[in-house]
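Peer 1: Contents of coords11.txt (compact mmCIF, C-alpha atoms) are below:
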# COMPACT_ATOMS: atom_id res chain seq x y z
CA MET A 8 -37.58 17.53 0.05
CA ALA A 9 -34.32 17.50 2.02
CA LEU A 10 -33.64 16.79 5.65
CA ALA A 11 -31.42 18.92 7.85
CA PHE A 12 -28.63 17.08 9.63
CA GLY A 13 -27.09 18.23 12.87
CA SER A 14 -23.42 18.80 13.62
CA ALA A 15 -21.05 15.91 14.29
CA LEU A 16 -21.43 14.26 17.66
CA PRO A 17 -18.56 14.60 20.16
CA ALA A 18 -16.06 11.78 20.29
CA THR A 19 -17.20 9.07 22.67
CA ASN A 20 -15.01 6.68 24.60
CA TYR A 21 -17.22 3.61 24.41
CA ALA A 22 -15.02 1.52 26.68
CA ALA A 23 -15.31 3.98 29.52
CA GLY A 24 -18.75 5.28 28.62
CA THR A 25 -17.57 8.90 28.73
CA VAL A 26 -17.15 11.62 26.15
CA GLU A 27 -13.55 11.92 24.93
CA GLN A 28 -13.02 15.53 23.95
CA SER A 29 -9.28 15.23 23.24
CA THR A 30 -9.63 12.96 20.19
CA PRO A 31 -9.40 15.12 17.04
CA VAL A 32 -12.18 14.84 14.48
CA ILE A 33 -10.66 14.21 11.08
CA GLY A 34 -11.99 12.86 7.80
CA ARG A 35 -13.56 15.92 6.21
CA ASN A 36 -11.67 14.80 3.14
CA VAL A 37 -9.52 11.81 2.33
CA GLY A 38 -6.35 13.91 2.44
CA GLU A 39 -6.69 14.34 6.22
CA LEU A 40 -6.81 10.57 6.64
CA LEU A 41 -3.80 10.04 4.38
CA ASP A 42 -1.78 12.61 6.32
CA PHE A 43 -2.66 10.86 9.57
CA ALA A 44 -1.77 7.46 8.10
CA LYS A 45 1.61 8.69 6.89
CA ALA A 46 2.42 9.96 10.36
CA ARG A 47 0.96 7.14 12.43
CA SER A 48 0.32 3.98 10.43
CA PRO A 49 2.28 1.02 11.89
CA SER A 50 2.39 -0.80 8.55
CA TRP A 51 3.93 2.25 6.85
CA ARG A 52 6.50 2.60 9.63
CA ALA A 53 7.36 -1.09 9.26
CA ALA A 54 7.90 -0.70 5.51
CA GLN A 55 10.14 2.32 6.08
CA ALA A 56 12.19 0.44 8.69
CA GLU A 57 12.70 -2.49 6.30
CA ALA A 58 13.88 -0.12 3.56
CA GLN A 59 16.29 1.57 5.97
CA ALA A 60 17.58 -1.83 7.08
CA ALA A 61 18.28 -2.74 3.45
CA ALA A 62 20.24 0.51 3.03
CA GLU A 63 22.44 -0.42 5.99
CA ARG A 64 23.58 -3.56 4.13
CA VAL A 65 25.38 -1.53 1.47
CA GLN A 66 28.49 -0.58 3.43
CA PRO A 67 29.19 -4.08 4.84
CA ALA A 68 28.69 -5.59 1.38
CA GLY A 69 31.64 -3.66 -0.04
CA ALA A 70 33.84 -3.71 3.05
CA LEU A 71 37.01 -5.74 3.46
CA PRO A 72 36.78 -8.80 5.69
CA ASP A 73 38.02 -8.33 9.23
CA PRO A 74 41.79 -8.84 9.58
CA MET A 75 42.95 -11.95 11.40
CA PHE A 76 45.50 -12.12 14.22
CA LYS A 77 47.23 -15.43 15.01
CA VAL A 78 49.71 -16.39 17.73
CA GLU A 79 51.81 -19.53 17.31
CA LEU A 80 53.97 -20.88 20.12
CA MET A 81 56.73 -22.92 18.46
CA ASP A 82 58.65 -25.71 20.25
CA ILE A 83 56.83 -25.44 23.57
CA THR A 84 59.08 -28.12 25.14
CA ASN A 85 62.39 -26.63 23.95
CA MET A 86 63.46 -29.74 22.08
CA GLY A 87 62.32 -31.90 25.00
CA GLU A 88 64.61 -30.23 27.51
CA THR A 89 61.79 -28.66 29.54
CA GLY A 90 58.17 -29.30 30.30
CA VAL A 91 55.38 -27.67 28.37
CA GLN A 92 55.85 -23.93 28.34
CA LEU A 93 53.15 -21.43 27.41
CA SER A 94 55.02 -18.20 27.98
CA PRO A 95 56.19 -16.60 24.68
CA ALA A 96 59.56 -15.79 26.30
CA LYS A 97 60.21 -19.42 27.32
CA VAL A 98 59.33 -21.36 24.18
CA GLY A 99 61.53 -21.88 21.18
CA SER A 100 59.91 -19.02 19.28
CA THR A 101 56.60 -17.18 19.05
CA GLN A 102 55.07 -16.00 15.78
CA TYR A 103 52.51 -13.19 15.70
CA THR A 104 50.70 -13.12 12.38
CA LEU A 105 48.45 -10.25 11.27
CA SER A 106 46.74 -11.06 7.97
CA GLN A 107 44.19 -9.41 5.73
CA GLN A 108 42.14 -11.09 3.03
CA ILE A 109 41.66 -8.98 -0.11
CA PRO A 110 39.04 -10.05 -2.65
CA PHE A 111 40.06 -10.01 -6.28
CA TRP A 112 39.85 -6.63 -7.96
CA GLY A 113 36.23 -5.63 -8.75
CA LYS A 114 34.46 -8.09 -6.46
CA ARG A 115 33.88 -5.57 -3.66
CA ASP A 116 32.44 -3.02 -6.10
CA LEU A 117 30.09 -5.63 -7.52
CA ARG A 118 28.90 -6.70 -4.07
CA ARG A 119 28.36 -3.06 -3.12
CA GLY A 120 26.50 -2.38 -6.36
CA GLN A 121 24.30 -5.42 -5.80
CA ALA A 122 23.46 -4.29 -2.26
CA GLU A 123 22.74 -0.74 -3.45
CA ALA A 124 20.34 -2.05 -6.09
CA GLU A 125 18.61 -4.23 -3.52
CA ALA A 126 18.35 -1.25 -1.15
CA ARG A 127 16.79 0.88 -3.87
CA ALA A 128 14.39 -1.97 -4.63
CA ALA A 129 13.45 -2.10 -0.94
CA THR A 130 12.82 1.65 -0.93
CA ARG A 131 10.60 1.39 -4.00
CA THR A 132 8.82 -1.58 -2.43
CA ALA A 133 8.13 0.58 0.63
CA ASP A 134 6.78 3.29 -1.69
CA GLY A 135 4.55 0.68 -3.27
CA MET A 136 3.33 -0.43 0.15
CA TRP A 137 2.37 3.17 0.92
CA LEU A 138 0.47 3.35 -2.36
CA GLU A 139 -1.38 0.16 -1.47
CA LEU A 140 -2.29 1.57 1.93
CA ALA A 141 -3.31 4.93 0.47
CA THR A 142 -5.44 3.15 -2.15
CA GLU A 143 -7.18 1.11 0.52
CA VAL A 144 -7.87 4.28 2.52
CA LYS A 145 -9.23 6.06 -0.56
CA ARG A 146 -11.44 3.13 -1.54
CA THR A 147 -12.79 2.66 1.97
CA TYR A 148 -13.39 6.39 2.29
CA ALA A 149 -15.39 6.37 -0.94
CA GLN A 150 -17.50 3.48 0.36
CA TYR A 151 -17.91 5.28 3.68
CA TRP A 152 -19.08 8.37 1.80
CA LEU A 153 -21.53 6.26 -0.23
CA THR A 154 -22.97 4.72 2.93
CA ASP A 155 -23.32 8.19 4.46
CA ARG A 156 -25.07 9.50 1.35
CA ASN A 157 -27.44 6.54 1.24
CA LEU A 158 -28.15 7.07 4.93
CA ARG A 159 -29.01 10.71 4.30
CA LEU A 160 -31.08 9.80 1.26
CA THR A 161 -33.00 7.18 3.21
CA GLY A 162 -33.73 9.82 5.85
CA GLU A 163 -35.06 12.09 3.12
CA ILE A 164 -37.17 9.25 1.72
CA GLN A 165 -38.52 8.60 5.21
CA ALA A 166 -39.67 12.21 5.43
CA LEU A 167 -41.11 12.01 1.92
CA LEU A 168 -43.02 8.83 2.74
CA GLY A 169 -44.27 10.49 5.88
CA LYS A 170 -45.72 13.26 3.74
CA MET A 171 -47.24 10.71 1.38
CA GLU A 172 -48.75 8.81 4.31
CA ARG A 173 -50.32 12.02 5.65
CA VAL A 174 -51.78 12.79 2.23
CA ALA A 175 -53.18 9.25 2.03
CA ARG A 176 -54.71 9.54 5.50
CA THR A 177 -56.26 12.88 4.64
CA ARG A 178 -57.77 11.51 1.47
CA TYR A 179 -58.93 8.35 3.30
CA ALA A 180 -60.55 10.45 6.01
CA SER A 181 -62.35 12.39 3.30
CA GLY A 182 -63.50 9.19 1.63
CA LEU A 183 -61.41 9.92 -1.47
CA ALA A 184 -58.94 7.02 -1.11
CA ALA A 185 -58.93 3.46 0.11
CA GLN A 186 -57.48 2.44 3.47
CA GLN A 187 -55.06 0.28 1.52
CA ASP A 188 -53.22 3.44 0.45
CA VAL A 189 -52.55 4.36 4.07
CA ILE A 190 -51.43 0.83 4.90
CA ARG A 191 -49.08 0.67 1.91
CA ALA A 192 -47.53 3.99 2.93
CA GLN A 193 -47.02 2.73 6.49
CA VAL A 194 -45.48 -0.52 5.20
CA GLU A 195 -43.06 1.50 3.07
CA LEU A 196 -42.17 3.62 6.10
CA THR A 197 -41.44 0.53 8.19
CA MET A 198 -39.21 -0.88 5.46
CA VAL A 199 -37.32 2.41 5.27
CA ARG A 200 -36.80 2.43 9.04
CA GLN A 201 -35.37 -1.08 8.81
CA GLU A 202 -33.03 0.07 6.09
CA LEU A 203 -31.93 3.00 8.23
CA VAL A 204 -30.89 0.59 10.98
CA SER A 205 -28.90 -1.48 8.47
CA LEU A 206 -27.21 1.58 6.99
CA GLU A 207 -26.30 2.97 10.41
CA SER A 208 -24.67 -0.36 11.28
CA GLU A 209 -22.82 -0.38 7.96
CA GLN A 210 -21.63 3.17 8.58
CA GLN A 211 -20.19 2.23 11.96
CA GLY A 212 -18.41 -0.71 10.37
CA MET A 213 -16.92 1.46 7.63
CA LYS A 214 -15.80 4.00 10.23
CA ALA A 215 -14.03 1.29 12.22
CA MET A 216 -12.33 0.01 9.04
CA LEU A 217 -11.09 3.47 8.14
CA ASN A 218 -9.73 4.13 11.61
CA GLY A 219 -8.02 0.74 11.62
CA LEU A 220 -6.35 1.40 8.27
CA ILE A 221 -4.75 4.63 9.42
CA GLY A 222 -3.67 3.31 12.83
CA ARG A 223 -6.39 4.96 14.89
CA ASP A 224 -8.75 3.68 17.56
CA ALA A 225 -11.67 1.93 15.88
CA MET A 226 -14.25 4.08 17.68
CA ALA A 227 -12.48 7.41 17.14
CA PRO A 228 -14.78 10.04 15.62
CA LEU A 229 -14.76 10.92 11.93
CA ALA A 230 -16.07 14.10 10.35
CA GLN A 231 -18.82 14.20 7.76
CA PRO A 232 -17.16 12.82 4.60
CA ASP A 233 -16.88 14.74 1.37
CA LEU A 234 -15.45 13.48 -1.91
CA ARG A 235 -12.63 15.25 -3.71
CA ALA A 236 -13.37 16.45 -7.22
CA ALA A 237 -12.68 13.91 -9.94
CA PRO A 238 -10.02 15.01 -12.45
CA ALA A 239 -11.01 16.31 -15.85
CA ALA A 240 -11.22 13.79 -18.67
CA GLU A 241 -8.10 15.15 -20.39
CA ARG A 242 -6.02 14.26 -17.31
CA THR A 243 -6.96 10.60 -17.62
CA GLN A 244 -5.92 10.07 -21.22
CA LEU A 245 -4.58 6.54 -21.46
CA THR A 246 -1.43 7.39 -23.46
CA ALA A 247 -0.21 9.89 -20.89
CA LEU A 248 -1.05 7.53 -18.06
CA PHE A 249 0.98 4.74 -19.68
CA ASP A 250 3.98 7.08 -19.72
CA ARG A 251 3.48 7.89 -16.05
CA LEU A 252 3.16 4.20 -15.26
CA ALA A 253 6.50 3.44 -16.90
CA ALA A 254 8.23 6.34 -15.15
CA GLN A 255 6.68 6.35 -11.69
CA ASN A 256 5.18 3.03 -10.65
CA PRO A 257 7.17 1.86 -7.60
CA ALA A 258 6.50 -1.85 -8.13
CA LEU A 259 7.86 -1.62 -11.66
CA ALA A 260 10.84 0.43 -10.45
CA ALA A 261 11.55 -2.17 -7.74
CA GLU A 262 11.58 -4.95 -10.34
CA ARG A 263 14.00 -2.94 -12.49
CA GLU A 264 16.31 -2.54 -9.51
CA ARG A 265 16.16 -6.29 -8.97
CA VAL A 266 17.27 -6.71 -12.58
CA ASN A 267 20.19 -4.41 -11.78
CA ALA A 268 21.02 -6.49 -8.69
CA ALA A 269 20.82 -9.69 -10.76
CA GLU A 270 23.19 -8.21 -13.36
CA GLN A 271 25.66 -7.40 -10.59
CA GLY A 272 25.26 -10.94 -9.29
CA ARG A 273 25.94 -12.36 -12.75
CA ALA A 274 29.12 -10.32 -13.05
CA LEU A 275 30.17 -11.38 -9.55
CA ALA A 276 29.68 -15.05 -10.44
CA ALA A 277 32.03 -14.55 -13.41
CA LYS A 278 34.61 -12.95 -11.06
CA ASN A 279 34.54 -16.04 -8.85
CA TRP A 280 36.90 -17.71 -11.31
CA TYR A 281 39.61 -15.35 -10.05
CA PRO A 282 41.33 -16.05 -6.74
CA ASP A 283 41.12 -13.97 -3.59
CA LEU A 284 44.35 -12.91 -1.96
CA ASN A 285 45.56 -13.00 1.63
CA PHE A 286 48.52 -10.96 2.87
CA GLY A 287 50.17 -11.22 6.29
CA VAL A 288 53.09 -9.99 8.31
CA THR A 289 54.64 -12.08 11.11
CA PRO A 290 57.13 -10.86 13.72
CA VAL A 291 58.97 -13.77 15.37
CA GLN A 292 59.91 -13.56 19.06
CA ARG A 293 62.78 -15.57 20.55
CA GLY A 294 63.23 -15.11 24.22
CA ASN A 295 62.39 -11.52 25.02
CA GLN A 296 63.32 -10.10 21.62
CA VAL A 297 61.74 -9.86 18.22
CA ASN A 298 64.59 -10.42 15.82
CA GLU A 299 62.87 -11.89 12.76
CA TRP A 300 60.10 -10.76 10.41
CA GLN A 301 58.18 -12.78 7.85
CA LEU A 302 55.83 -11.81 5.05
CA MET A 303 53.03 -14.12 3.96
CA PHE A 304 51.12 -14.25 0.67
CA GLU A 305 48.21 -16.64 0.19
CA VAL A 306 45.86 -17.27 -2.71
CA ASN A 307 42.97 -19.68 -3.07
CA ILE A 308 43.05 -21.95 -6.09
CA PRO A 309 39.67 -22.00 -7.90
CA LEU A 310 39.65 -25.67 -8.84
CA GLN A 311 35.95 -26.37 -8.19
CA PHE A 312 35.04 -25.80 -11.83
CA GLU A 313 31.61 -27.42 -11.79
CA SER A 314 30.66 -25.50 -8.67
CA ARG A 315 31.54 -22.21 -10.31
CA ARG A 316 29.71 -23.16 -13.51
CA SER A 317 26.63 -23.90 -11.42
CA GLN A 318 26.94 -20.49 -9.76
CA GLU A 319 27.11 -18.85 -13.17
CA ARG A 320 24.07 -20.77 -14.40
CA GLU A 321 22.19 -19.81 -11.26
CA ALA A 322 23.06 -16.14 -11.78
CA ASP A 323 21.94 -16.38 -15.43
CA ARG A 324 18.58 -17.84 -14.42
CA MET A 325 18.08 -15.25 -11.72
CA LEU A 326 18.75 -12.50 -14.25
CA GLN A 327 16.29 -14.04 -16.73
CA ALA A 328 13.69 -14.33 -13.97
CA ALA A 329 14.17 -10.69 -12.94
CA ARG A 330 13.78 -9.47 -16.53
CA SER A 331 10.68 -11.62 -16.99
CA ARG A 332 9.17 -10.18 -13.82
CA VAL A 333 9.62 -6.67 -15.23
CA GLU A 334 7.78 -7.66 -18.40
CA ALA A 335 5.05 -9.43 -16.41
CA ALA A 336 4.58 -6.48 -14.06
CA ASN A 337 4.47 -4.02 -16.95
CA SER A 338 1.86 -6.07 -18.81
CA ARG A 339 -0.25 -6.65 -15.70
CA LEU A 340 -0.18 -3.00 -14.64
CA ALA A 341 -0.94 -1.78 -18.18
CA GLY A 342 -3.97 -4.09 -18.28
CA GLU A 343 -5.15 -2.91 -14.87
CA LEU A 344 -4.69 0.71 -15.92
CA GLY A 345 -6.70 0.26 -19.10
CA GLY A 346 -9.53 -1.41 -17.20
CA ALA A 347 -9.55 1.25 -14.47
CA VAL A 348 -9.64 4.11 -16.98
CA ALA A 349 -12.48 2.46 -18.91
CA ALA A 350 -14.44 1.98 -15.68
CA LEU A 351 -13.76 5.59 -14.65
CA ASN A 352 -15.04 6.90 -17.98
CA ALA A 353 -18.14 4.72 -17.74
CA ALA A 354 -18.88 5.99 -14.23
CA ARG A 355 -18.32 9.56 -15.38
CA ARG A 356 -20.79 9.14 -18.24
CA THR A 357 -23.30 7.49 -15.92
CA GLU A 358 -23.08 10.41 -13.51
CA HIS A 359 -23.67 12.93 -16.29
CA LEU A 360 -26.60 10.95 -17.66
CA ILE A 361 -28.31 10.69 -14.30
CA GLY A 362 -27.44 14.14 -13.03
CA ASP A 363 -28.27 15.99 -16.23
CA THR A 364 -31.36 14.08 -17.35
CA LEU A 365 -32.72 11.15 -15.37
CA LEU A 366 -32.85 12.76 -11.93
CA ALA A 367 -34.69 15.84 -13.17
CA GLN A 368 -37.14 13.62 -15.07
CA SER A 369 -37.75 11.47 -11.98
CA GLU A 370 -38.36 14.50 -9.78
CA ALA A 371 -40.77 15.99 -12.32
CA THR A 372 -42.58 12.67 -12.57
CA PHE A 373 -42.95 12.46 -8.79
CA GLU A 374 -44.24 16.02 -8.47
CA ALA A 375 -46.79 15.34 -11.18
CA ALA A 376 -47.80 12.04 -9.56
CA LEU A 377 -48.15 13.66 -6.12
CA ALA A 378 -50.31 16.44 -7.54
CA GLY A 379 -52.34 13.90 -9.48
CA TYR A 380 -52.86 11.72 -6.38
CA GLU A 381 -54.01 14.71 -4.34
CA THR A 382 -56.64 15.44 -6.97
CA GLY A 383 -57.58 11.82 -7.53
CA ARG A 384 -56.23 11.51 -11.06
CA VAL A 385 -53.40 9.08 -10.09
CA ASP A 386 -53.55 6.03 -7.83
CA PHE A 387 -51.24 5.48 -4.89
CA ALA A 388 -49.26 2.72 -6.62
CA THR A 389 -48.19 5.18 -9.31
CA LEU A 390 -47.12 7.65 -6.64
CA LEU A 391 -45.03 4.98 -4.91
CA ASP A 392 -43.41 4.02 -8.20
CA ALA A 393 -42.51 7.66 -8.82
CA GLN A 394 -41.00 7.93 -5.34
CA ARG A 395 -38.98 4.76 -5.89
CA ALA A 396 -37.73 6.09 -9.23
CA ILE A 397 -36.37 9.22 -7.54
CA ARG A 398 -34.69 7.14 -4.87
CA LYS A 399 -33.10 4.78 -7.38
CA ALA A 400 -31.88 7.66 -9.53
CA LYS A 401 -30.18 9.30 -6.55
CA GLN A 402 -28.71 5.99 -5.39
CA ASP A 403 -27.34 5.36 -8.87
CA LEU A 404 -25.95 8.89 -8.98
CA TYR A 405 -24.13 8.44 -5.66
CA LYS A 406 -22.93 5.01 -6.75
CA ALA A 407 -21.49 6.47 -9.96
CA GLN A 408 -19.71 9.20 -8.00
CA ALA A 409 -18.28 6.68 -5.54
CA GLU A 410 -17.28 4.40 -8.42
CA GLN A 411 -15.25 7.23 -9.92
CA GLN A 412 -13.37 7.60 -6.64
CA LEU A 413 -12.70 3.87 -6.48
CA ARG A 414 -11.33 3.82 -10.02
CA LEU A 415 -9.39 7.01 -9.45
CA ALA A 416 -7.72 5.39 -6.44
CA ASP A 417 -6.78 2.38 -8.59
CA ILE A 418 -5.34 4.61 -11.32
CA GLU A 419 -3.26 6.60 -8.85
CA ARG A 420 -1.91 3.38 -7.37
CA ILE A 421 -0.91 2.14 -10.81
CA VAL A 422 0.70 5.36 -12.06
CA GLY A 423 2.33 5.95 -8.68
CA ASP A 424 1.13 9.49 -8.06
CA GLU A 425 -1.92 11.70 -7.54
CA LEU A 426 -3.75 12.85 -10.63
Is it possible to give me this structure as structure tokens?
Peer 2:
Amino acid sequence: MALAFGSALPATNYAAGTVEQSTPVIGRNVGELLDFAKARSPSWRAAQAEAQAAAERVQPAGALPDPMFKVELMDITNMGETGVQLSPAKVGSTQYTLSQQIPFWGKRDLRRGQAEAEARAATRTADGMWLELATEVKRTYAQYWLTDRNLRLTGEIQALLGKMERVARTRYASGLAAQQDVIRAQVELTMVRQELVSLESEQQGMKAMLNGLIGRDAMAPLAQPDLRAAPAAERTQLTALFDRLAAQNPALAAERERVNAAEQGRALAAKNWYPDLNFGVTPVQRGNQVNEWQLMFEVNIPLQFESRRSQEREADRMLQAARSRVEAANSRLAGELGGAVAALNAARRTEHLIGDTLLAQSEATFEAALAGYETGRVDFATLLDAQRAIRKAKQDLYKAQAEQQLRLADIERIVGDEL
């Protein structure tokens, strides 16, 4: 027996107590929620902004330092013959120096390369943040769907128990059954009504969680949920998924970019043994004329040997740490992937077992028990047990279907793409 469910209720503005017709109803499938999240989610926008900010560091990292301009007033008392003079035309001489520092050859390229690697790592980290958000949406949507299915099933069970209670009352009125049968049926109905209240509350909570994840008002309406089809078994072969993990996982790619940045940092630390240069040109003014020019060449002397050795050791350790993080991330993700695929396969087998065999057996058992109770061949306790078996089989079936969606979401997060 199945119950008919009405169309979705209009969106309600609970704060104002009025119906809000302008709020769109989304959520017929998880893709609609993901599209909304990608367009509106504040956390996704924040991750994108951070990645863009990291990209803006590339150009300054490889740029020359700003040039320096210096003015020197020489002999401001004119050998003691005048008071202090601050006018360039009245002092002994005035030197105007324009200088430019130039890092040793290769340092700017290394700094730029390091910043580019860090920017790419930030972009991949943002991609990973989106995957985390999408996974949370998918998992919550699957739980929301499961709650909705259990709510519908409980409504069907309520109608079924109502039929059983009417049969018990009819048989009791005819003197063919004990009053206890009627009371037991009514107790079961009361328990089901209590469960309906709990499930309705849980459904509202799941709806608020979903809306919050995608950056929507918590009380915004959602359509009746429907699960996407699970991929065929051949698309979840572990060997192929391991290849996709290595090629596409953004967290792993971000760690590889950090290795690249650490390699650039190690090379830059080695370059610090070479001096930076500073060139300048100085026109000299005497009176109102510039009649002398000077050229300046400066170089720093890298005498702080221990300091530079420490910088090299630091860069070495950072590179080792970055490489170790790649290995750790690869091992962790491979383990998570193997566990998720195993759980997906188990849920798939459970669904087939229940859907192909157990559910049909439970329904046949209930029909036989109901017919037997109506003719007095089966007691009411047996009929209740048969009803409970149907309910449990359907609950387990829905749970297995939702479990597949949960594991599918985990797998897609790990491999970095939809299956």
Peer 1: What's the 12 Å shell around stretch 250-256 of chain A, counting only C-alpha atoms, without same-chain residues fewer than 5 positions away, as an MDAnalysis selection string?
Peer 2: chainID A and resid 131:139 242:245 261:263 333:334 336:345 418:426
Peer 1: May I have the residues from that selection written out with C-alpha atoms, as a PDB file, in the coordinates of the input?
Peer 2:
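See selection09.pdb below for the written result:
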ATOM      1  CA  ARG A 131      10.600   1.390  -4.000  1.00  0.00           C
ATOM      2  CA  THR A 132       8.820  -1.580  -2.430  1.00  0.00           C
ATOM      3  CA  ALA A 133       8.130   0.580   0.630  1.00  0.00           C
ATOM      4  CA  ASP A 134       6.780   3.290  -1.690  1.00  0.00           C
ATOM      5  CA  GLY A 135       4.550   0.680  -3.270  1.00  0.00           C
ATOM      6  CA  MET A 136       3.330  -0.430   0.150  1.00  0.00           C
ATOM      7  CA  TRP A 137       2.370   3.170   0.920  1.00  0.00           C
ATOM      8  CA  LEU A 138       0.470   3.350  -2.360  1.00  0.00           C
ATOM      9  CA  GLU A 139      -1.380   0.160  -1.470  1.00  0.00           C
ATOM     10  CA  ARG A 242      -6.020  14.260 -17.310  1.00  0.00           C
ATOM     11  CA  THR A 243      -6.960  10.600 -17.620  1.00  0.00           C
ATOM     12  CA  GLN A 244      -5.920  10.070 -21.220  1.00  0.00           C
ATOM     13  CA  LEU A 245      -4.580   6.540 -21.460  1.00  0.00           C
ATOM     14  CA  ALA A 261      11.550  -2.170  -7.740  1.00  0.00           C
ATOM     15  CA  GLU A 262      11.580  -4.950 -10.340  1.00  0.00           C
ATOM     16  CA  ARG A 263      14.000  -2.940 -12.490  1.00  0.00           C
ATOM     17  CA  VAL A 333       9.620  -6.670 -15.230  1.00  0.00           C
ATOM     18  CA  GLU A 334       7.780  -7.660 -18.400  1.00  0.00           C
ATOM     19  CA  ALA A 336       4.580  -6.480 -14.060  1.00  0.00           C
ATOM     20  CA  ASN A 337       4.470  -4.020 -16.950  1.00  0.00           C
ATOM     21  CA  SER A 338       1.860  -6.070 -18.810  1.00  0.00           C
ATOM     22  CA  ARG A 339      -0.250  -6.650 -15.700  1.00  0.00           C
ATOM     23  CA  LEU A 340      -0.180  -3.000 -14.640  1.00  0.00           C
ATOM     24  CA  ALA A 341      -0.940  -1.780 -18.180  1.00  0.00           C
ATOM     25  CA  GLY A 342      -3.970  -4.090 -18.280  1.00  0.00           C
ATOM     26  CA  GLU A 343      -5.150  -2.910 -14.870  1.00  0.00           C
ATOM     27  CA  LEU A 344      -4.690   0.710 -15.920  1.00  0.00           C
ATOM     28  CA  GLY A 345      -6.700   0.260 -19.100  1.00  0.00           C
ATOM     29  CA  ILE A 418      -5.340   4.610 -11.320  1.00  0.00           C
ATOM     30  CA  GLU A 419      -3.260   6.600  -8.850  1.00  0.00           C
ATOM     31  CA  ARG A 420      -1.910   3.380  -7.370  1.00  0.00           C
ATOM     32  CA  ILE A 421      -0.910   2.140 -10.810  1.00  0.00           C
ATOM     33  CA  VAL A 422       0.700   5.360 -12.060  1.00  0.00           C
ATOM     34  CA  GLY A 423       2.330   5.950  -8.680  1.00  0.00           C
ATOM     35  CA  ASP A 424       1.130   9.490  -8.060  1.00  0.00           C
ATOM     36  CA  GLU A 425      -1.920  11.700  -7.540  1.00  0.00           C
ATOM     37  CA  LEU A 426      -3.750  12.850 -10.630  1.00  0.00           C
TER      38      LEU A 426
END
Peer 1: With all atoms listed in the file counted, which protein, DNA or RNA residues have an atom no more than 6 Å from (52.5, -6.9, 13.0) in the file frame? Please answer as a list of chain:residue names.
Peer 2: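 All residues meeting the 6 Å criterion around (52.5, -6.9, 13.0) are A:Leu105, A:Val288, A:Thr289.
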Peer 1: Separation of atom CA of A:Glu163 and atom CA of A:Lys145, in Å?
Peer 2: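 Separation of atom CA of A:Glu163 and atom CA of A:Lys145: 26.8 Å.
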Peer 1: For atom CA of A:Ala58 and atom CA of A:Phe43, quote the distance in Å rounded to one decimal.
Peer 2: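 Computing it gives 20.7 Å between the two atoms.
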Peer 1: Of the candidates A:Gly169, A:Gly212, A:Gly120, A:Pro257, which shows the shortest atom-to-atom distance to A:Arg191, using all atoms listed in the file?
Peer 2: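 Result for the nearest residue to A:Arg191: A:Gly169.
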Peer 1: What lies within 10 Å of A:Gly272 using all atoms listed in the file, ignoring chain neighbours under 5 positions off, as a list in words?
Peer 2: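 Skipping anything fewer than 5 positions along the chain leaves Leu117, Arg118, Gly120, Gln121, Ala122, Val266, Asn267, Ala277, Lys278, Gln318, Glu319, Glu321, Ala322, Asp323, Met325 and Leu326 of chain A.
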Peer 1: Using only C-alpha atoms, which of the listed residues (A:Met171, A:Ala416, A:Ala347, A:Met81) sits closest to A:Tyr380?
Peer 2: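 Among the listed residues, the smallest separation from A:Tyr380 belongs to A:Met171.
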Peer 1: For stretch 305-309 of chain A, find every residue with an atom within 10 Å (counting all atoms listed in the file), except residues of its own chain fewer than 4 positions away, and show them as a PyMOL selection string.
Peer 2: chain A and resi 106-111+279-287+314-315
Peer 1: Please list as JSON, numbers by chain every residue within 9 Å of A:Asp233, counting only C-alpha atoms and excluding residues in the same chain fewer than 6 positions away.
Peer 2: {"A": [34, 35, 36, 37, 149, 152]}
Peer 1: Could you write out the selected residues, including C-alpha atoms, as a compact mmCIF listing (two decimals), in the frame of the given file?
Peer 2:
# COMPACT_ATOMS: atom_id res chain seq x y z
CA GLY A 34 -11.99 12.86 7.80
CA ARG A 35 -13.56 15.92 6.21
CA ASN A 36 -11.67 14.80 3.14
CA VAL A 37 -9.52 11.81 2.33
CA ALA A 149 -15.39 6.37 -0.94
CA TRP A 152 -19.08 8.37 1.80
Peer 1: By how many Å are atom CA of A:Arg395 and atom CA of A:Ala175 apart?
Peer 2: 16.9 Å
Peer 1: Excluding A:Val385 and its own-chain neighbours fewer than 4 positions away, which residues fall within 12 Å of it when counting only C-alpha atoms? Please give them as number ranges by chain.
Peer 2: A: 183-184, 188, 372-381, 389-393
Peer 1: Which is closest to A:Gln292 among A:Arg173, A:Arg127, A:Arg332, A:Lys97, if we use all atoms listed in the file?
Peer 2: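 With all atoms listed in the file as the atom set, the closest residue is A:Lys97.
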Peer 1: Which protein, DNA or RNA residues have an atom at most 9 Å from (-2.7, 8.4, 14.5), counting only C-alpha atoms? List them as a PyMOL selection string.
Peer 2: chain A and resi 43-48+218+221-224
